[in-house]
>>> print(open('entry-v3.pdb').read())   # PDB, C-alpha atoms
MODEL        1
ATOM      1  CA  MET K   1      96.811 118.651 151.437
ATOM      2  CA  SER K   2      93.046 118.858 151.065
ATOM      3  CA  ARG K   3      91.049 115.660 150.733
ATOM      4  CA  TRP K   4      89.415 114.894 147.407
ATOM      5  CA  THR K   5      85.754 113.968 147.812
ATOM      6  CA  PRO K   6      82.816 113.713 145.375
ATOM      7  CA  GLU K   7      81.504 117.017 146.745
ATOM      8  CA  LEU K   8      84.161 118.641 144.547
ATOM      9  CA  LEU K   9      82.503 117.313 141.405
ATOM     10  CA  PRO K  10      80.096 119.465 139.396
ATOM     11  CA  ASP K  11      76.642 118.312 138.375
ATOM     12  CA  LEU K  12      77.108 115.433 135.916
ATOM     13  CA  ALA K  13      73.746 115.598 134.169
ATOM     14  CA  ASP K  14      75.411 115.840 130.753
ATOM     15  CA  ARG K  15      77.618 112.762 131.250
ATOM     16  CA  THR K  16      76.979 109.068 130.633
ATOM     17  CA  PHE K  17      79.049 106.364 132.327
ATOM     18  CA  VAL K  18      79.199 102.632 131.658
ATOM     19  CA  ILE K  19      80.549 100.574 134.567
ATOM     20  CA  THR K  20      81.270  96.860 134.417
ATOM     21  CA  GLY K  21      80.584  94.761 137.501
ATOM     22  CA  ALA K  22      78.468  97.544 138.976
ATOM     23  CA  ASN K  23      76.048  95.330 140.907
ATOM     24  CA  SER K  24      78.283  95.180 144.003
ATOM     25  CA  GLY K  25      81.456  96.428 145.672
ATOM     26  CA  ILE K  26      83.537  99.203 144.151
ATOM     27  CA  GLY K  27      81.494  99.282 140.940
ATOM     28  CA  LEU K  28      78.203  99.709 142.771
ATOM     29  CA  GLU K  29      79.537 102.436 145.041
ATOM     30  CA  ALA K  30      81.048 104.327 142.097
ATOM     31  CA  ALA K  31      77.759 104.033 140.208
ATOM     32  CA  ARG K  32      75.883 105.325 143.238
ATOM     33  CA  VAL K  33      78.079 108.426 143.572
ATOM     34  CA  LEU K  34      77.939 109.256 139.882
ATOM     35  CA  ALA K  35      74.183 108.714 139.608
ATOM     36  CA  HIS K  36      73.538 110.820 142.706
ATOM     37  CA  LYS K  37      75.576 113.554 140.989
ATOM     38  CA  GLY K  38      73.069 113.468 138.144
ATOM     39  CA  ALA K  39      74.916 111.292 135.620
ATOM     40  CA  ARG K  40      73.292 108.651 133.476
ATOM     41  CA  VAL K  41      74.880 105.350 134.524
ATOM     42  CA  VAL K  42      74.689 101.998 132.775
ATOM     43  CA  LEU K  43      75.406  99.043 135.055
ATOM     44  CA  ALA K  44      76.954  96.250 132.987
ATOM     45  CA  CYS K  45      76.338  93.124 135.069
ATOM     46  CA  ARG K  46      76.437  89.358 134.713
ATOM     47  CA  SER K  47      73.606  88.723 137.192
ATOM     48  CA  ALA K  48      70.222  90.248 136.317
ATOM     49  CA  GLU K  49      68.954  89.627 139.855
ATOM     50  CA  LYS K  50      71.878  91.442 141.472
ATOM     51  CA  ALA K  51      71.632  94.246 138.910
ATOM     52  CA  THR K  52      67.988  94.825 139.842
ATOM     53  CA  ALA K  53      68.885  95.015 143.525
ATOM     54  CA  ALA K  54      71.678  97.473 142.704
ATOM     55  CA  LEU K  55      69.312  99.707 140.748
ATOM     56  CA  ASP K  56      66.826  99.694 143.621
ATOM     57  CA  GLY K  57      69.570 100.586 146.095
ATOM     58  CA  ILE K  58      70.813 103.516 144.033
ATOM     59  CA  ARG K  59      67.290 104.841 143.509
ATOM     60  CA  ALA K  60      66.620 104.589 147.228
ATOM     61  CA  GLY K  61      69.124 107.424 147.682
ATOM     62  CA  ARG K  62      67.853 109.464 144.753
ATOM     63  CA  ALA K  63      64.473 108.579 143.296
ATOM     64  CA  ASP K  64      65.180 110.269 139.963
ATOM     65  CA  ALA K  65      68.563 108.585 139.493
ATOM     66  CA  ARG K  66      69.162 107.792 135.821
ATOM     67  CA  VAL K  67      70.435 104.253 136.162
ATOM     68  CA  GLU K  68      69.836 101.231 133.982
ATOM     69  CA  ALA K  69      71.249  97.728 133.694
ATOM     70  CA  MET K  70      72.524  95.675 130.773
ATOM     71  CA  SER K  71      73.719  92.078 130.600
ATOM     72  CA  LEU K  72      77.456  91.434 130.258
ATOM     73  CA  ASP K  73      79.607  88.396 131.002
ATOM     74  CA  LEU K  74      83.266  89.327 130.543
ATOM     75  CA  ALA K  75      84.220  85.642 130.607
ATOM     76  CA  SER K  76      82.588  85.241 127.196
ATOM     77  CA  LEU K  77      83.724  87.112 124.089
ATOM     78  CA  ALA K  78      80.335  86.380 122.511
ATOM     79  CA  SER K  79      78.674  88.189 125.440
ATOM     80  CA  VAL K  80      81.118  91.091 125.128
ATOM     81  CA  ARG K  81      80.303  91.497 121.433
ATOM     82  CA  SER K  82      76.561  91.220 122.076
ATOM     83  CA  PHE K  83      76.812  93.835 124.818
ATOM     84  CA  ALA K  84      78.777  96.199 122.571
ATOM     85  CA  ASP K  85      76.120  95.909 119.860
ATOM     86  CA  ALA K  86      73.341  96.523 122.368
ATOM     87  CA  LEU K  87      75.221  99.487 123.807
ATOM     88  CA  ALA K  88      75.551 101.063 120.366
ATOM     89  CA  ALA K  89      71.798 100.678 119.866
ATOM     90  CA  ARG K  90      70.992 102.143 123.285
ATOM     91  CA  LEU K  91      73.512 104.999 123.146
ATOM     92  CA  PRO K  92      73.676 105.969 119.452
ATOM     93  CA  ASP K  93      75.140 109.373 120.340
ATOM     94  CA  GLY K  94      77.947 107.737 122.306
ATOM     95  CA  PHE K  95      78.909 107.939 125.961
ATOM     96  CA  ASP K  96      81.582 109.637 128.032
ATOM     97  CA  VAL K  97      83.316 107.149 130.304
ATOM     98  CA  LEU K  98      83.883 103.388 130.306
ATOM     99  CA  VAL K  99      84.880 102.083 133.731
ATOM    100  CA  ASN K 100      86.416  98.613 133.425
ATOM    101  CA  ASN K 101      85.803  97.576 137.016
ATOM    102  CA  ALA K 102      84.543  93.977 137.057
ATOM    103  CA  GLY K 103      86.900  91.263 138.145
ATOM    104  CA  VAL K 104      87.568  87.989 139.906
ATOM    105  CA  MET K 105      90.304  87.308 142.424
ATOM    106  CA  ALA K 106      92.470  84.361 143.445
ATOM    107  CA  LEU K 107      90.272  81.580 142.095
ATOM    108  CA  PRO K 108      91.265  77.959 141.575
ATOM    109  CA  ARG K 109      92.221  77.461 137.941
ATOM    110  CA  ARG K 110      89.141  77.727 135.762
ATOM    111  CA  LEU K 111      88.570  78.607 132.119
ATOM    112  CA  THR K 112      86.367  81.174 130.435
ATOM    113  CA  ALA K 113      83.933  80.248 127.676
ATOM    114  CA  ASP K 114      86.747  80.885 125.186
ATOM    115  CA  GLY K 115      89.317  78.741 127.003
ATOM    116  CA  PHE K 116      91.238  81.541 128.712
ATOM    117  CA  GLU K 117      92.433  81.282 132.310
ATOM    118  CA  MET K 118      89.558  82.879 134.222
ATOM    119  CA  GLN K 119      91.412  85.728 135.951
ATOM    120  CA  PHE K 120      93.433  86.834 132.924
ATOM    121  CA  GLY K 121      90.428  86.257 130.680
ATOM    122  CA  THR K 122      87.962  88.232 132.797
ATOM    123  CA  ASN K 123      90.102  90.928 134.367
ATOM    124  CA  HIS K 124      92.118  91.757 131.254
ATOM    125  CA  LEU K 125      91.017  90.129 127.995
ATOM    126  CA  GLY K 126      87.288  90.706 128.480
ATOM    127  CA  HIS K 127      87.890  94.384 129.175
ATOM    128  CA  PHE K 128      90.419  94.647 126.348
ATOM    129  CA  ALA K 129      87.802  93.369 123.900
ATOM    130  CA  LEU K 130      85.024  95.528 125.326
ATOM    131  CA  THR K 131      87.122  98.680 125.179
ATOM    132  CA  GLY K 132      88.095  98.121 121.565
ATOM    133  CA  LEU K 133      84.478  97.574 120.565
ATOM    134  CA  ALA K 134      83.299 100.620 122.551
ATOM    135  CA  LEU K 135      85.890 103.116 121.262
ATOM    136  CA  PRO K 136      83.730 104.314 118.343
ATOM    137  CA  LEU K 137      81.026 105.322 120.833
ATOM    138  CA  LEU K 138      83.537 107.097 123.065
ATOM    139  CA  ALA K 139      84.901 108.946 120.024
ATOM    140  CA  LYS K 140      81.550 110.692 119.689
ATOM    141  CA  ARG K 141      82.078 112.570 122.974
ATOM    142  CA  ALA K 142      84.731 115.207 123.605
ATOM    143  CA  GLY K 143      86.754 114.450 126.719
ATOM    144  CA  ALA K 144      85.812 110.770 126.831
ATOM    145  CA  ARG K 145      87.888 108.405 128.915
ATOM    146  CA  VAL K 146      88.522 104.758 129.752
ATOM    147  CA  VAL K 147      89.219 103.916 133.389
ATOM    148  CA  ASN K 148      90.792 100.550 134.182
ATOM    149  CA  VAL K 149      90.535  99.397 137.791
ATOM    150  CA  SER K 150      93.788  97.711 138.820
ATOM    151  CA  SER K 151      95.163  96.904 142.270
ATOM    152  CA  GLY K 152      98.085  97.723 144.516
ATOM    153  CA  VAL K 153      99.095  94.068 144.255
ATOM    154  CA  HIS K 154     100.237  94.706 140.695
ATOM    155  CA  TRP K 155     103.611  95.375 142.372
ATOM    156  CA  GLY K 156     103.938  91.631 142.825
ATOM    157  CA  GLY K 157     102.854  90.824 139.290
ATOM    158  CA  ARG K 158     104.718  89.551 136.264
ATOM    159  CA  VAL K 159     103.219  88.913 132.850
ATOM    160  CA  ASN K 160     104.354  85.414 131.923
ATOM    161  CA  PHE K 161     104.236  85.600 128.138
ATOM    162  CA  ASP K 162     105.386  81.984 127.889
ATOM    163  CA  ASP K 163     102.428  80.763 129.959
ATOM    164  CA  LEU K 164      99.722  83.461 130.038
ATOM    165  CA  MET K 165      96.991  80.929 130.811
ATOM    166  CA  GLY K 166      98.803  79.095 133.599
ATOM    167  CA  GLU K 167      98.818  75.817 131.716
ATOM    168  CA  ARG K 168     102.305  74.785 132.798
ATOM    169  CA  ALA K 169     102.098  76.059 136.360
ATOM    170  CA  TYR K 170      99.266  77.789 138.174
ATOM    171  CA  ASN K 171      99.071  79.729 141.410
ATOM    172  CA  ARG K 172      95.830  81.581 142.065
ATOM    173  CA  TRP K 173      97.543  84.662 143.533
ATOM    174  CA  THR K 174     100.268  84.812 140.884
ATOM    175  CA  ALA K 175      97.539  84.723 138.230
ATOM    176  CA  TYR K 176      95.645  87.528 139.960
ATOM    177  CA  PHE K 177      98.749  89.699 140.271
ATOM    178  CA  GLN K 178      99.461  89.131 136.573
ATOM    179  CA  SER K 179      95.951  90.258 135.608
ATOM    180  CA  LYS K 180      96.212  93.439 137.668
ATOM    181  CA  LEU K 181      99.593  94.305 136.163
ATOM    182  CA  ALA K 182      98.047  93.672 132.759
ATOM    183  CA  ASN K 183      95.397  96.308 133.551
ATOM    184  CA  LEU K 184      98.107  98.946 133.945
ATOM    185  CA  LEU K 185     100.128  97.874 130.917
ATOM    186  CA  PHE K 186      96.931  97.964 128.857
ATOM    187  CA  THR K 187      96.157 101.450 130.174
ATOM    188  CA  ARG K 188      99.606 102.714 129.227
ATOM    189  CA  GLU K 189      99.594 101.310 125.694
ATOM    190  CA  LEU K 190      95.973 102.292 125.074
ATOM    191  CA  ASN K 191      96.573 105.882 126.142
ATOM    192  CA  LYS K 192      99.647 106.120 123.921
ATOM    193  CA  ARG K 193      97.692 104.876 120.902
ATOM    194  CA  LEU K 194      94.732 107.131 121.664
ATOM    195  CA  ALA K 195      97.007 110.155 121.861
ATOM    196  CA  ALA K 196      98.196 109.414 118.326
ATOM    197  CA  LYS K 197      94.886 108.442 116.663
ATOM    198  CA  GLN K 198      91.923 109.426 118.876
ATOM    199  CA  PRO K 199      93.183 112.258 121.117
ATOM    200  CA  SER K 200      89.700 113.236 122.280
ATOM    201  CA  THR K 201      89.761 110.085 124.441
ATOM    202  CA  ILE K 202      92.200 109.263 127.251
ATOM    203  CA  ALA K 203      92.893 106.135 129.289
ATOM    204  CA  LEU K 204      93.834 106.093 132.960
ATOM    205  CA  ALA K 205      93.639 103.764 135.942
ATOM    206  CA  ALA K 206      92.682 103.516 139.598
ATOM    207  CA  HIS K 207      92.969 101.074 142.470
ATOM    208  CA  PRO K 208      90.802 100.790 145.596
ATOM    209  CA  GLY K 209      93.435  99.862 148.173
ATOM    210  CA  TYR K 210      92.293  97.194 150.591
ATOM    211  CA  SER K 211      88.526  97.542 150.648
ATOM    212  CA  ALA K 212      85.915  95.211 152.084
ATOM    213  CA  THR K 213      83.914  93.931 149.107
ATOM    214  CA  ASN K 214      82.466  90.655 147.884
ATOM    215  CA  LEU K 215      85.626  90.137 145.792
ATOM    216  CA  GLN K 216      87.323  88.766 148.896
ATOM    217  CA  GLN K 217      84.189  86.829 149.848
ATOM    218  CA  VAL K 218      84.006  84.940 146.558
ATOM    219  CA  SER K 219      87.734  84.201 146.597
ATOM    220  CA  ALA K 220      87.614  82.924 150.164
ATOM    221  CA  GLU K 221      84.538  80.776 149.591
ATOM    222  CA  ALA K 222      86.348  79.015 146.759
ATOM    223  CA  GLN K 223      89.005  77.890 149.281
ATOM    224  CA  GLY K 224      86.833  76.756 152.178
ATOM    225  CA  ALA K 225      85.612  77.691 155.659
ATOM    226  CA  PHE K 226      89.020  78.593 157.107
ATOM    227  CA  GLU K 227      89.695  81.108 154.317
ATOM    228  CA  VAL K 228      86.260  82.656 154.868
ATOM    229  CA  SER K 229      86.929  83.109 158.583
ATOM    230  CA  ALA K 230      90.397  84.580 157.957
ATOM    231  CA  MET K 231      88.983  86.956 155.348
ATOM    232  CA  LYS K 232      86.342  88.243 157.774
ATOM    233  CA  VAL K 233      88.970  88.928 160.439
ATOM    234  CA  ASN K 234      91.286  90.710 157.985
ATOM    235  CA  ASN K 235      88.462  92.825 156.598
ATOM    236  CA  ALA K 236      87.356  93.835 160.080
ATOM    237  CA  LEU K 237      90.883  94.788 161.161
ATOM    238  CA  PHE K 238      92.462  96.289 158.060
ATOM    239  CA  ALA K 239      90.003  97.035 155.251
ATOM    240  CA  GLN K 240      88.358 100.334 154.490
ATOM    241  CA  SER K 241      84.730 100.489 153.387
ATOM    242  CA  ALA K 242      83.616  99.930 149.825
ATOM    243  CA  PRO K 243      82.401 103.562 149.498
ATOM    244  CA  MET K 244      85.889 104.788 150.435
ATOM    245  CA  GLY K 245      87.511 102.243 148.156
ATOM    246  CA  ALA K 246      85.398 103.507 145.256
ATOM    247  CA  LEU K 247      86.658 107.095 145.504
ATOM    248  CA  PRO K 248      89.815 106.603 143.359
ATOM    249  CA  THR K 249      87.611 105.151 140.619
ATOM    250  CA  VAL K 250      85.165 108.043 140.906
ATOM    251  CA  ARG K 251      87.980 110.575 140.754
ATOM    252  CA  ALA K 252      89.537 108.929 137.705
ATOM    253  CA  ALA K 253      86.149 108.747 136.010
ATOM    254  CA  ALA K 254      84.797 112.230 136.727
ATOM    255  CA  ASP K 255      87.441 114.679 137.970
ATOM    256  CA  GLY K 256      88.049 117.270 135.265
ATOM    257  CA  ALA K 257      91.729 117.626 136.153
ATOM    258  CA  VAL K 258      92.863 114.080 135.311
ATOM    259  CA  LYS K 259      95.237 113.297 132.447
ATOM    260  CA  GLY K 260      95.934 110.309 130.263
ATOM    261  CA  ASP K 261      97.819 107.449 131.953
ATOM    262  CA  ASP K 262      97.182 108.901 135.418
ATOM    263  CA  PHE K 263      96.818 106.369 138.229
ATOM    264  CA  TYR K 264      94.793 107.073 141.363
ATOM    265  CA  GLY K 265      94.640 105.197 144.654
ATOM    266  CA  PRO K 266      94.124 105.765 148.380
ATOM    267  CA  SER K 267      96.492 108.267 149.967
ATOM    268  CA  MET K 268      97.922 105.671 152.384
ATOM    269  CA  PHE K 269      98.273 102.980 149.673
ATOM    270  CA  SER K 270      95.684 100.668 151.240
ATOM    271  CA  PHE K 271      93.270 103.240 152.652
ATOM    272  CA  GLY K 272      92.483 106.931 152.610
ATOM    273  CA  TYR K 273      91.249 109.552 150.172
ATOM    274  CA  PRO K 274      92.226 109.333 146.484
ATOM    275  CA  THR K 275      95.526 110.798 145.306
ATOM    276  CA  PRO K 276      97.950 110.052 142.449
ATOM    277  CA  ALA K 277      99.398 106.589 143.090
ATOM    278  CA  ARG K 278     102.798 105.056 142.439
ATOM    279  CA  ARG K 279     103.160 102.106 140.132
ATOM    280  CA  SER K 280     105.864  99.500 139.737
ATOM    281  CA  ALA K 281     108.647  99.638 137.149
ATOM    282  CA  LYS K 282     107.028  96.645 135.444
ATOM    283  CA  ALA K 283     103.838  98.676 134.998
ATOM    284  CA  VAL K 284     105.664 101.256 132.869
ATOM    285  CA  ASP K 285     107.571  98.780 130.706
ATOM    286  CA  ASP K 286     106.670  99.950 127.194
ATOM    287  CA  ASP K 287     108.035  96.827 125.528
ATOM    288  CA  ALA K 288     105.894  94.607 127.734
ATOM    289  CA  ALA K 289     102.877  96.848 127.123
ATOM    290  CA  ARG K 290     103.235  96.512 123.342
ATOM    291  CA  ARG K 291     103.790  92.785 123.615
ATOM    292  CA  LEU K 292     100.689  92.376 125.778
ATOM    293  CA  TRP K 293      98.667  94.461 123.324
ATOM    294  CA  ASP K 294      99.699  92.274 120.397
ATOM    295  CA  ALA K 295      98.929  89.095 122.339
ATOM    296  CA  SER K 296      95.532  90.452 123.394
ATOM    297  CA  VAL K 297      94.576  91.351 119.823
ATOM    298  CA  LYS K 298      95.474  87.840 118.701
ATOM    299  CA  LEU K 299      93.570  86.161 121.539
ATOM    300  CA  THR K 300      90.394  88.257 121.366
ATOM    301  CA  GLY K 301      90.237  89.048 117.657
ATOM    302  CA  VAL K 302      89.565  92.725 118.509
ATOM    303  CA  ASP K 303      92.092  94.795 116.573
ATOM    304  CA  TYR K 304      90.985  98.338 117.549
ATOM    305  CA  ALA K 305      90.526  99.282 113.875
ATOM    306  CA  GLY K 306      94.205 100.065 113.461
ATOM    307  CA  LEU K 307      94.559 102.215 116.586
TER     308      LEU K 307
ENDMDL
END
>>> encode(input="entry-v3.pdb", output="structure tokens")
Amino acid sequence: MSRWTPELLPDLADRTFVITGANSGIGLEAARVLAHKGARVVLACRSAEKATAALDGIRAGRADARVEAMSLDLASLASVRSFADALAARLPDGFDVLVNNAGVMALPRRLTADGFEMQFGTNHLGHFALTGLALPLLAKRAGARVVNVSSGVHWGGRVNFDDLMGERAYNRWTAYFQSKLANLLFTRELNKRLAAKQPSTIALAAHPGYSATNLQQVSAEAQGAFEVSAMKVNNALFAQSAPMGALPTVRAAADGAVKGDDFYGPSMFSFGYPTPARRSAKAVDDDAARRLWDASVKLTGVDYAGL
């Protein structure tokens, strides 16, 4: 089997991508590849300082790279709505691909600005709201797509509908697994609804395997010095690089052969070149997907205009 690499992509000068959390890690590396292929790329970032550094880094590899940054905090629905309004003003003719990449991992229990558990609120609900608000812009482009970045650890996840916010019991890893399973259930239900009402747009997903990014760094720092040391050892021994980890996202976002509800990941599950990935039985539970959709609409107030 031949390896899929970005060299297989055509020139992307006619495409516009919006990537959340694109100031570091998988998001930054995906933005770099797409911009160096000629695409216009909007980096949706919480930190203006880190976004500026990301822009400079991308332009260092291609001086004429069409990259720009916008402010977005997925832990605040007010910020998500403000970003969506600003995006509509900046891209009145729409855009081609929304990559829901940003995320947090295995944090002590914290709340978003709207009172949601931080991991479920950021990794799922923030992106759920953003996607619903951005769909009218995606509808303006033929072949548009939404790419949700999940994780291989979704296999260990369970959506606890009786305690979505971990108020009764909280484990930082259980909450993370739940949020990554939610990404795939959201993808499945979204693609089904798009096929019925907005078939010019598809939804699919990707996961980076085990890749060395600042996601692990932030999680480890929240636990203390021992966790930081263990994380560094594990990354050195087992993790692939962030550029390799970004390839499934790039393929899902830009490969012309993808289909709705596809799922891409590294060929060896945790590392390797991107190929179609397996998902757990819980990730294809249509009843759970519909139930999560209904709960997400109620929590965010974003109803997808009847999609």
>>> closest_atom_pairs(input="entry-v3.pdb", of="range 271-307 of chain K", to="range 103-117 of chain K", cutoff="12 Å", atoms="all atoms listed in the file", output="CSV")
residue,atom,partner,partner_atom,distance
K:Ser296,CA,K:Phe116,CA,11.2
K:Leu299,CA,K:Phe116,CA,8.8
K:Thr300,CA,K:Asp114,CA,9.1
K:Gly301,CA,K:Asp114,CA,11.6
>>> write_last_selection(input="entry-v3.pdb", atoms="C-alpha atoms", output="PDB file, in the coordinates of the input")
ATOM      1  CA  SER K 296      95.532  90.452 123.394  1.00  0.00           C
ATOM      2  CA  LEU K 299      93.570  86.161 121.539  1.00  0.00           C
ATOM      3  CA  THR K 300      90.394  88.257 121.366  1.00  0.00           C
ATOM      4  CA  GLY K 301      90.237  89.048 117.657  1.00  0.00           C
TER       5      GLY K 301
END
>>> atom_distance(input="entry-v3.pdb", atom1="CA of His127 in chain K", atom2="CA of Lys259 in chain K")
20.6 Å
>>> closest_residue(input="entry-v3.pdb", among="K:Trp293, K:Trp173, K:Phe83, K:Trp4", to="Arg193 in chain K", atoms="only C-alpha atoms")
K:Trp293
>>> closest_residue(input="entry-v3.pdb", among="K:Arg32, K:Lys50, K:Arg3, K:Arg66", to="Thr16 in chain K", atoms="all atoms listed in the file")
K:Arg66
>>> residues_around(input="entry-v3.pdb", residues="Gly265 in chain K", least_positions_apart="2", cutoff="9 Å", atoms="only C-alpha atoms", output="short mmCIF file (atom, residue, chain, number, x, y, z; two decimals) with C-alpha atoms, keeping the file's coordinate frame")
data_model
loop_
_atom_site.label_atom_id
_atom_site.label_comp_id
_atom_site.auth_asym_id
_atom_site.auth_seq_id
_atom_site.Cartn_x
_atom_site.Cartn_y
_atom_site.Cartn_z
CA SER K 151 95.16 96.90 142.27
CA GLY K 152 98.08 97.72 144.52
CA ALA K 205 93.64 103.76 135.94
CA ALA K 206 92.68 103.52 139.60
CA HIS K 207 92.97 101.07 142.47
CA PRO K 208 90.80 100.79 145.60
CA GLY K 209 93.44 99.86 148.17
CA GLY K 245 87.51 102.24 148.16
CA LEU K 247 86.66 107.10 145.50
CA PRO K 248 89.82 106.60 143.36
CA THR K 249 87.61 105.15 140.62
CA PHE K 263 96.82 106.37 138.23
CA SER K 267 96.49 108.27 149.97
CA MET K 268 97.92 105.67 152.38
CA PHE K 269 98.27 102.98 149.67
CA SER K 270 95.68 100.67 151.24
CA PHE K 271 93.27 103.24 152.65
CA GLY K 272 92.48 106.93 152.61
CA TYR K 273 91.25 109.55 150.17
CA PRO K 274 92.23 109.33 146.48
CA THR K 275 95.53 110.80 145.31
CA PRO K 276 97.95 110.05 142.45
CA ALA K 277 99.40 106.59 143.09
CA ARG K 278 102.80 105.06 142.44
#
>>> residues_near_point(input="entry-v3.pdb", point="(76.6, 112.7, 146.6)", cutoff="8 Å", atoms="only C-alpha atoms", output="ChimeraX atom specification")
/K:6-7,33-34,36-37
>>> write_last_selection(input="entry-v3.pdb", atoms="C-alpha atoms", output="mmCIF file, in the frame of the given file")
data_model
loop_
_atom_site.group_PDB
_atom_site.id
_atom_site.type_symbol
_atom_site.label_atom_id
_atom_site.label_comp_id
_atom_site.auth_asym_id
_atom_site.auth_seq_id
_atom_site.Cartn_x
_atom_site.Cartn_y
_atom_site.Cartn_z
ATOM 1 C CA PRO K 6 82.816 113.713 145.375
ATOM 2 C CA GLU K 7 81.504 117.017 146.745
ATOM 3 C CA VAL K 33 78.079 108.426 143.572
ATOM 4 C CA LEU K 34 77.939 109.256 139.882
ATOM 5 C CA HIS K 36 73.538 110.820 142.706
ATOM 6 C CA LYS K 37 75.576 113.554 140.989
#
>>> residues_near_point(input="entry-v3.pdb", point="(77.3, 105.2, 130.6)", cutoff="6 Å", atoms="only C-alpha atoms", output="count of residues only")
6
>>> atom_distance(input="entry-v3.pdb", atom1="CA of Val302 in chain K", atom2="CA of Ala129 in chain K")
5.7 Å
>>> atom_distance(input="entry-v3.pdb", atom1="CA of Ala289 in chain K", atom2="CA of Val153 in chain K")
17.8 Å
>>> residues_around(input="entry-v3.pdb", residues="Gly132 in chain K", least_positions_apart="5", cutoff="10 Å", atoms="only C-alpha atoms", output="CSV table (one decimal) with C-alpha atoms, in the frame of the given file")
chain,number,residue,atom,x,y,z
K,84,ALA,CA,78.8,96.2,122.6
K,127,HIS,CA,87.9,94.4,129.2
K,190,LEU,CA,96.0,102.3,125.1
K,297,VAL,CA,94.6,91.4,119.8
K,302,VAL,CA,89.6,92.7,118.5
K,303,ASP,CA,92.1,94.8,116.6
K,304,TYR,CA,91.0,98.3,117.5
K,305,ALA,CA,90.5,99.3,113.9
K,307,LEU,CA,94.6,102.2,116.6
>>> resolve_selection(input="entry-v3.pdb", expression="the PyMOL selection byres ((chain K and resi 146) around 10)", output="PyMOL selection string")
chain K and resi 17-18+96-100+131+134-135+138+144-145+147-149+187+190-191+201-205+252-253+260-261
>>> residues_around(input="entry-v3.pdb", residues="Ala60 in chain K", least_positions_apart="5", cutoff="12 Å", atoms="all atoms listed in the file", output="list in words")
Arg32, Ala35, His36, Ala53, Ala54, Leu55, Ala65 and Val67 of chain K
>>> residues_around(input="entry-v3.pdb", residues="range 72-79 of chain K", least_positions_apart="6", cutoff="6 Å", atoms="all atoms listed in the file", output="mmCIF file with C-alpha atoms, in the frame of the given file")
data_model
loop_
_atom_site.group_PDB
_atom_site.id
_atom_site.type_symbol
_atom_site.label_atom_id
_atom_site.label_comp_id
_atom_site.auth_asym_id
_atom_site.auth_seq_id
_atom_site.Cartn_x
_atom_site.Cartn_y
_atom_site.Cartn_z
ATOM 1 C CA ALA K 44 76.954 96.250 132.987
ATOM 2 C CA CYS K 45 76.338 93.124 135.069
ATOM 3 C CA ARG K 46 76.437 89.358 134.713
ATOM 4 C CA THR K 112 86.367 81.174 130.435
ATOM 5 C CA ALA K 113 83.933 80.248 127.676
ATOM 6 C CA THR K 122 87.962 88.232 132.797
ATOM 7 C CA GLY K 126 87.288 90.706 128.480
#
>>> closest_residue(input="entry-v3.pdb", among="K:Ala48, K:Leu181, K:Leu137, K:Ala69", to="Ala288 in chain K", atoms="only C-alpha atoms")
K:Leu181
>>> residues_around(input="entry-v3.pdb", residues="Asn160 in chain K", least_positions_apart="5", cutoff="9 Å", atoms="all atoms listed in the file", output="list in words")
Met165, Gly166 and Gln178 of chain K
